[in-house]
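This report concerns only the one structure given below.
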Number of protein chains: 2
Amino acid sequence: MTAPRYDVLGIGNAIVDVIARADDDFLVAQNMQKGGMALIDEARAQGIYAAMGPAVEISGGSAANTIAGVASFGARAAFVGKVKDDELGRVFAHDIRAARVGFETPPASDGPSTARCYIMVTPDGERTMNTYLGAAQNLQPADIDEGMIAASAITYLEGYLWDPPLAKDAFLKAAAAAHKAGRTVALTLSDSFCVDRYRAEFVKLLRDKTVDLLFANEAELKSLYETADFDSALSALRQDAQLAVVTRSEKGCVVASAGTVESVPAFPVEKVVDTTGAGDLFAAGFLFGHARGKDRKTSARLGALAAAEVIQHLGARPEVSLETLARERGIPV
Amino acid sequence: MTAPRYDVLGIGNAIVDVIARADDDFLVAQNMQKGGMALIDEARAQGIYAAMGPAVEISGGSAANTIAGVASFGARAAFVGKVKDDELGRVFAHDIRAARVGFETPPASDGPSTARCYIMVTPDGERTMNTYLGAAQNLQPADIDEGMIAASAITYLEGYLWDPPLAKDAFLKAAAAAHKAGRTVALTLSDSFCVDRYRAEFVKLLRDKTVDLLFANEAELKSLYETADFDSALSALRQDAQLAVVTRSEKGCVVASAGTVESVPAFPVEKVVDTTGAGDLFAAGFLFGHARGKDRKTSARLGALAAAEVIQHLGARPEVSLETLARERGIPV
C-alpha cells in the first residue's frame, strides 16, 4: 500500500447555504420542523426565499464543511460533489478550493441550478434547514475517480447521499474502491430524518462492513435503532459498527467499538450563535486525528474543538485556522 | 406639499459584497491600497477572486446599505439601483425587499452581470474594496420615477454615482425632481478617491445648492478642499454646504452649517470586526432622524448608534433592529 495522497476525501451534496435569522413564529408559519432538514422542490424554495429575511450566502454541504475543516487542520483533503456551472456553483468551487481542498468534479452545464440550503437561525442558535438539491441530484458513479479514492487514507461519505437517485451508486463505488486499496470508509448518518428514510440500508452498511467508521449524534443513533434509550442504542451500535463516534452536543461525545467505550467532554462555549455545522466540524477533527494516527481520545478532542469554533459564528465552515487553534489549546497536531 | 410616502429614497450602485478575511501581505501582493475602494474590470475581478480566501456573499452597495439601515429604524424607505436578472441580482433584490425597502428598478435582462465588491477584511477590522460595477453601470435617467422622488422626504445619493457614465444624469434628474417637490437632497462623498476623481463637480453641487445635506468623513473632506488641516477644510465646507455631517471614526462626528458646529461622540465599541458600512450606517441614522424632525444632535446619535452596530459584525447591513437598539439606549425614535 503506497502512502496516501489525501488524508481525507469527502463525497457529498455540494450546497450553498442561504442563512437568515428567524423567530420561532416564522418556523410555525412556514410549517418547518425546528432543528430538522427538509428536502424541498424549486417552487417551495422560491416560496421560502420570498418569505425569509435578509440572508447571507456561504458555501455549505455537510461533507464539504467537514472536508474544509480537515484542510483547516493542515491536512491534505479533497471533495467530490456536483454543482452547476452557474454563479452559486462558482461560489461553491471558489470557496472549497480557497480552503485548500482539491475539488475536480466537473460542473453540470445544464439541468437544475446549484443546490441551496435555506437555513433559519433562531435566537437560541438552533438551525432549521430546507434543502433544494438541484444539480447535486446528478452526482453519479462516473464522477467517482477510483484512483483518487485509492489514494486517500479515509473516504468520508454523508448519509444524505442516499437522497439523490444516482449518488447512492457513486457512494457504493467509492466504498468498494477504498476497500480494494486497503483504505478506510467513514459515514455520517447526517440527520435523524435521513436515518428514518434509509434505516435498514444504513444498518446493512455497518453489518456488511461497507463502513468502517460511523459518525452519529444522539438523535440519529436513537432513530437508527428505533429506541428512546441511549444506552440500549449504543449497545446495539457496538454490535454492528467497527468504530463509532456518537456526539451529544454539550455533553461531549462517546467513542465506541465492540471492546471499548470512551467519553470525551465538549469544549465550553461562551455563546452559541449558530449550530449549523457542529456535527460536520466534529467529524473534521476526528477524521483528521484518525488519519494522522492519533489515539481516539485525542481525535475526539480535536473534533470537539472544531465543533466549538463553528457554533460561535454564522456559517458552517471554520473562520480561523483549526491547526493554530489546536496548538493554542495544547493539542498536538 | 402632500405628506411624503417615503422618509428616505436612496439611489446608488446595487452591489453584492464578496467578503473574505485577508492579511496585510495579501493586500501588498495584490497591489491593493488598504482602506480604499478601487474600480476593477471583469478580468481583474476574476484574478482577485481566484486569489482570495473563502468568502461570504452579502448584499451591499453604499446607498443600499444606508437605506436598509433607515428601514431598520422603522422608517418607510425605497431604493433605486440596477442589477442584472441573474442569481446575484436576485440575491440583492431579495435582501433589500426583505429589509422592508421598496425596490422597483427593473433588472437588466442582458449586458454585464450584477455588480460585485470584493472586500478584504484585515485582522484590524479595516476593509479594502474592489468593485466590479457590472450591471450597475447602466443605471440611467429612465430608471428615475419622478413621482416616487417627489413622494420622498429625502432623496439620498452616493458620490459613487459619478462613476457609471449615465448614472450622473439619473442623479441630476432625481435632484431636480426632489427640489421641484420641495424635498431635501442629500449626498455622501463616498470615499476620498471618489472625491479626487470628481472634486470640482462635487463642490459645484454644494455651491449651486443641488445638494442640501452632505455626508463626508474626515479623509473625504480633506480631499474635497485639498488640505491636510481639518479645521480649515471644515471652515470651507461651512461656506459651501447648507448642512453637513463629518464623521471622524472613533472621535465621533461634527454637524456643521454656516451658523453652528456641534460635536457628537461615537458610541464605544467592544471589538471592531469589520468597518465595512460604518459611514453608510451613520448616514442611515442621521437621515432617519432628520426625516422624522429630530434635532441635529439626536440625529447624529442615531447615526453613531447604527455605525457602532454594523462594525461589530461582518457585512454592511444591520443584523438587529436599529429601532429596538435605539429604544434600548434611551434614544426616542
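How things are named: the first chain in the C-alpha cells is A, the next is B, and so on; residues count from 1 in each chain; ligands count from 1 in the order shown.
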Worksheet entry | Spatial neighbours of region 204-211 of chain A, max dist 10 Å, only C-alpha atoms, sep filter under 2 positions, as a ChimeraX atom specification | /A:155-157,172,175-176,178-179,184-188,199-202,213-214,237,239-243
Worksheet item: Which chain A residues are at most 8 Å from chain B (counting only C-alpha atoms), as a PyMOL selection string?
Response: chain A and resi 49-59+87-88+94-96+98-99
Worksheet item: Contacts of region 302-310 of chain B at 6 Å or less, counting only C-alpha atoms, minus same-chain residues fewer than 3 places along, as a ChimeraX atom specification?
Response: /B:266-267,278,281-283,285-286,299,318
Considering only C-alpha atoms, return as an mmCIF file with C-alpha atoms, in the first residue's frame whatever protein or nucleic-acid residues lie within 7 Å of region 164-167 of chain B, sequence-local ones (same chain, fewer than 6 positions apart) excluded.
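Produced file result33.cif, reproduced below:
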data_model
loop_
_atom_site.group_PDB
_atom_site.id
_atom_site.type_symbol
_atom_site.label_atom_id
_atom_site.label_comp_id
_atom_site.auth_asym_id
_atom_site.auth_seq_id
_atom_site.Cartn_x
_atom_site.Cartn_y
_atom_site.Cartn_z
ATOM 1 C CA GLN B 137 -23.096 50.876 -14.876
ATOM 2 C CA ASN B 138 -26.355 51.003 -16.775
ATOM 3 C CA LEU B 139 -28.447 52.947 -14.276
ATOM 4 C CA GLN B 140 -29.897 55.785 -16.311
#
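Residues in contact with Gln312 (chain B) at up to 7 Å, not including ones fewer than 4 positions away on its chain and judged by only C-alpha atoms, are Lys271, Val272, Val273, Asp274 and Ala308 of chain B.
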Item to complete: Run DSSP on the backbone of this structure and report the residues of region 180-308 of chain A it assigns to strand (DSSP E), as a list in words.
Response: Thr184, Val185, Ala186, Leu187, Thr188, Leu213, Leu214, Phe215, Ala216, Asn217, Leu243, Ala244, Val245, Val246, Thr247, Cys253, Val254, Val255, Ala256, Val261, Glu262, Ser263 and Val264 of chain A
Worksheet item: Contacts of Ser109 (chain A) at 12 Å or less, counting only C-alpha atoms, minus same-chain residues fewer than 6 places along, as a ChimeraX atom specification?
Response: /A:82-86,89,135,138
Practice prompt. Tell me which protein, DNA and RNA residues are within 10 Å of Asp196 (chain B), counting only C-alpha atoms, leaving out same-chain ones fewer than 2 positions away, and put them as a ChimeraX atom specification.
Written response: /B:191-194,198-200,202,220,223-226
Residue subset to file, keeping C-alpha atoms, as an mmCIF file, in the first residue's frame:
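part29.cif written:
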data_model
loop_
_atom_site.group_PDB
_atom_site.id
_atom_site.type_symbol
_atom_site.label_atom_id
_atom_site.label_comp_id
_atom_site.auth_asym_id
_atom_site.auth_seq_id
_atom_site.Cartn_x
_atom_site.Cartn_y
_atom_site.Cartn_z
ATOM 1 C CA ASP B 191 -14.655 57.923 -0.481
ATOM 2 C CA SER B 192 -11.594 60.124 -0.787
ATOM 3 C CA PHE B 193 -10.557 58.597 -4.117
ATOM 4 C CA CYS B 194 -14.027 59.291 -5.480
ATOM 5 C CA TYR B 198 -14.850 64.467 -9.139
ATOM 6 C CA ARG B 199 -13.740 67.218 -6.757
ATOM 7 C CA ALA B 200 -14.819 70.252 -8.790
ATOM 8 C CA PHE B 202 -18.925 67.875 -6.007
ATOM 9 C CA GLU B 220 -13.132 62.891 2.079
ATOM 10 C CA SER B 223 -9.622 65.652 -0.166
ATOM 11 C CA LEU B 224 -12.525 67.904 -1.187
ATOM 12 C CA TYR B 225 -10.634 71.017 -0.170
ATOM 13 C CA GLU B 226 -7.164 69.628 -0.840
#
Practice prompt. Return as a ChimeraX atom specification the full set of residues in region 55-190 of chain B whose backbone-based DSSP assignment is helix (DSSP H, G or I).
Written response: /B:62-72,87-98,134-138,141-143,146-150,159-162,167-180
Quick one: write out the picked residues with C-alpha atoms as a PDB file, in the first residue's frame?
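out-v4.pdb written:
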ATOM      1  CA  SER B  62     -23.203  52.133  -0.092  1.00  0.00           C
ATOM      2  CA  ALA B  63     -26.577  53.860  -0.517  1.00  0.00           C
ATOM      3  CA  ALA B  64     -28.376  50.492  -0.412  1.00  0.00           C
ATOM      4  CA  ASN B  65     -26.780  49.755   2.978  1.00  0.00           C
ATOM      5  CA  THR B  66     -27.885  53.176   4.186  1.00  0.00           C
ATOM      6  CA  ILE B  67     -31.446  52.623   3.043  1.00  0.00           C
ATOM      7  CA  ALA B  68     -31.574  49.167   4.681  1.00  0.00           C
ATOM      8  CA  GLY B  69     -30.477  50.947   7.863  1.00  0.00           C
ATOM      9  CA  VAL B  70     -33.161  53.606   7.510  1.00  0.00           C
ATOM     10  CA  ALA B  71     -35.780  50.841   7.183  1.00  0.00           C
ATOM     11  CA  SER B  72     -34.337  49.073  10.235  1.00  0.00           C
ATOM     12  CA  GLU B  87     -28.508  34.835  -9.321  1.00  0.00           C
ATOM     13  CA  LEU B  88     -26.668  37.635  -7.516  1.00  0.00           C
ATOM     14  CA  GLY B  89     -29.203  40.147  -8.828  1.00  0.00           C
ATOM     15  CA  ARG B  90     -31.959  38.089  -7.253  1.00  0.00           C
ATOM     16  CA  VAL B  91     -29.956  37.905  -4.031  1.00  0.00           C
ATOM     17  CA  PHE B  92     -29.675  41.707  -3.974  1.00  0.00           C
ATOM     18  CA  ALA B  93     -33.377  42.212  -4.715  1.00  0.00           C
ATOM     19  CA  HIS B  94     -34.430  39.654  -2.120  1.00  0.00           C
ATOM     20  CA  ASP B  95     -32.284  41.097   0.622  1.00  0.00           C
ATOM     21  CA  ILE B  96     -33.312  44.707   0.180  1.00  0.00           C
ATOM     22  CA  ARG B  97     -37.005  43.850  -0.090  1.00  0.00           C
ATOM     23  CA  ALA B  98     -36.717  41.522   2.913  1.00  0.00           C
ATOM     24  CA  GLY B 134     -21.201  45.384 -13.987  1.00  0.00           C
ATOM     25  CA  ALA B 135     -24.927  45.962 -14.434  1.00  0.00           C
ATOM     26  CA  ALA B 136     -24.826  48.970 -12.080  1.00  0.00           C
ATOM     27  CA  GLN B 137     -23.096  50.876 -14.876  1.00  0.00           C
ATOM     28  CA  ASN B 138     -26.355  51.003 -16.775  1.00  0.00           C
ATOM     29  CA  PRO B 141     -32.378  58.661 -16.156  1.00  0.00           C
ATOM     30  CA  ALA B 142     -35.210  56.405 -17.370  1.00  0.00           C
ATOM     31  CA  ASP B 143     -34.843  54.447 -14.121  1.00  0.00           C
ATOM     32  CA  GLU B 146     -40.053  61.476 -10.638  1.00  0.00           C
ATOM     33  CA  GLY B 147     -43.318  60.743  -8.841  1.00  0.00           C
ATOM     34  CA  MET B 148     -41.512  58.463  -6.393  1.00  0.00           C
ATOM     35  CA  ILE B 149     -38.818  61.096  -5.805  1.00  0.00           C
ATOM     36  CA  ALA B 150     -41.456  63.771  -5.216  1.00  0.00           C
ATOM     37  CA  GLY B 159     -20.918  60.125  -4.877  1.00  0.00           C
ATOM     38  CA  TYR B 160     -20.091  56.775  -6.464  1.00  0.00           C
ATOM     39  CA  LEU B 161     -22.902  57.525  -8.935  1.00  0.00           C
ATOM     40  CA  TRP B 162     -20.405  59.796 -10.679  1.00  0.00           C
ATOM     41  CA  ALA B 167     -25.882  57.477 -13.531  1.00  0.00           C
ATOM     42  CA  LYS B 168     -24.787  61.090 -13.171  1.00  0.00           C
ATOM     43  CA  ASP B 169     -27.698  62.164 -15.344  1.00  0.00           C
ATOM     44  CA  ALA B 170     -30.012  59.984 -13.279  1.00  0.00           C
ATOM     45  CA  PHE B 171     -28.621  61.700 -10.180  1.00  0.00           C
ATOM     46  CA  LEU B 172     -29.298  65.197 -11.551  1.00  0.00           C
ATOM     47  CA  LYS B 173     -32.778  64.250 -12.745  1.00  0.00           C
ATOM     48  CA  ALA B 174     -33.603  62.939  -9.266  1.00  0.00           C
ATOM     49  CA  ALA B 175     -32.230  66.025  -7.532  1.00  0.00           C
ATOM     50  CA  ALA B 176     -34.267  68.317  -9.784  1.00  0.00           C
ATOM     51  CA  ALA B 177     -37.446  66.308  -9.190  1.00  0.00           C
ATOM     52  CA  ALA B 178     -36.884  66.399  -5.434  1.00  0.00           C
ATOM     53  CA  HIS B 179     -36.406  70.155  -5.322  1.00  0.00           C
ATOM     54  CA  LYS B 180     -39.379  70.764  -7.607  1.00  0.00           C
TER      55      LYS B 180
END
Worksheet item: Between B:Thr2, B:Ser232, B:Thr276, B:Asn217, which has the minimum distance to Arg248 (chain B) (counting only C-alpha atoms)?
Response: B:Asn217
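If only C-alpha atoms are the atoms counted, then among B:Leu221, B:Ala75, B:Leu189, B:Ala244 the closest residue to Leu9 (chain B) is B:Ala75.
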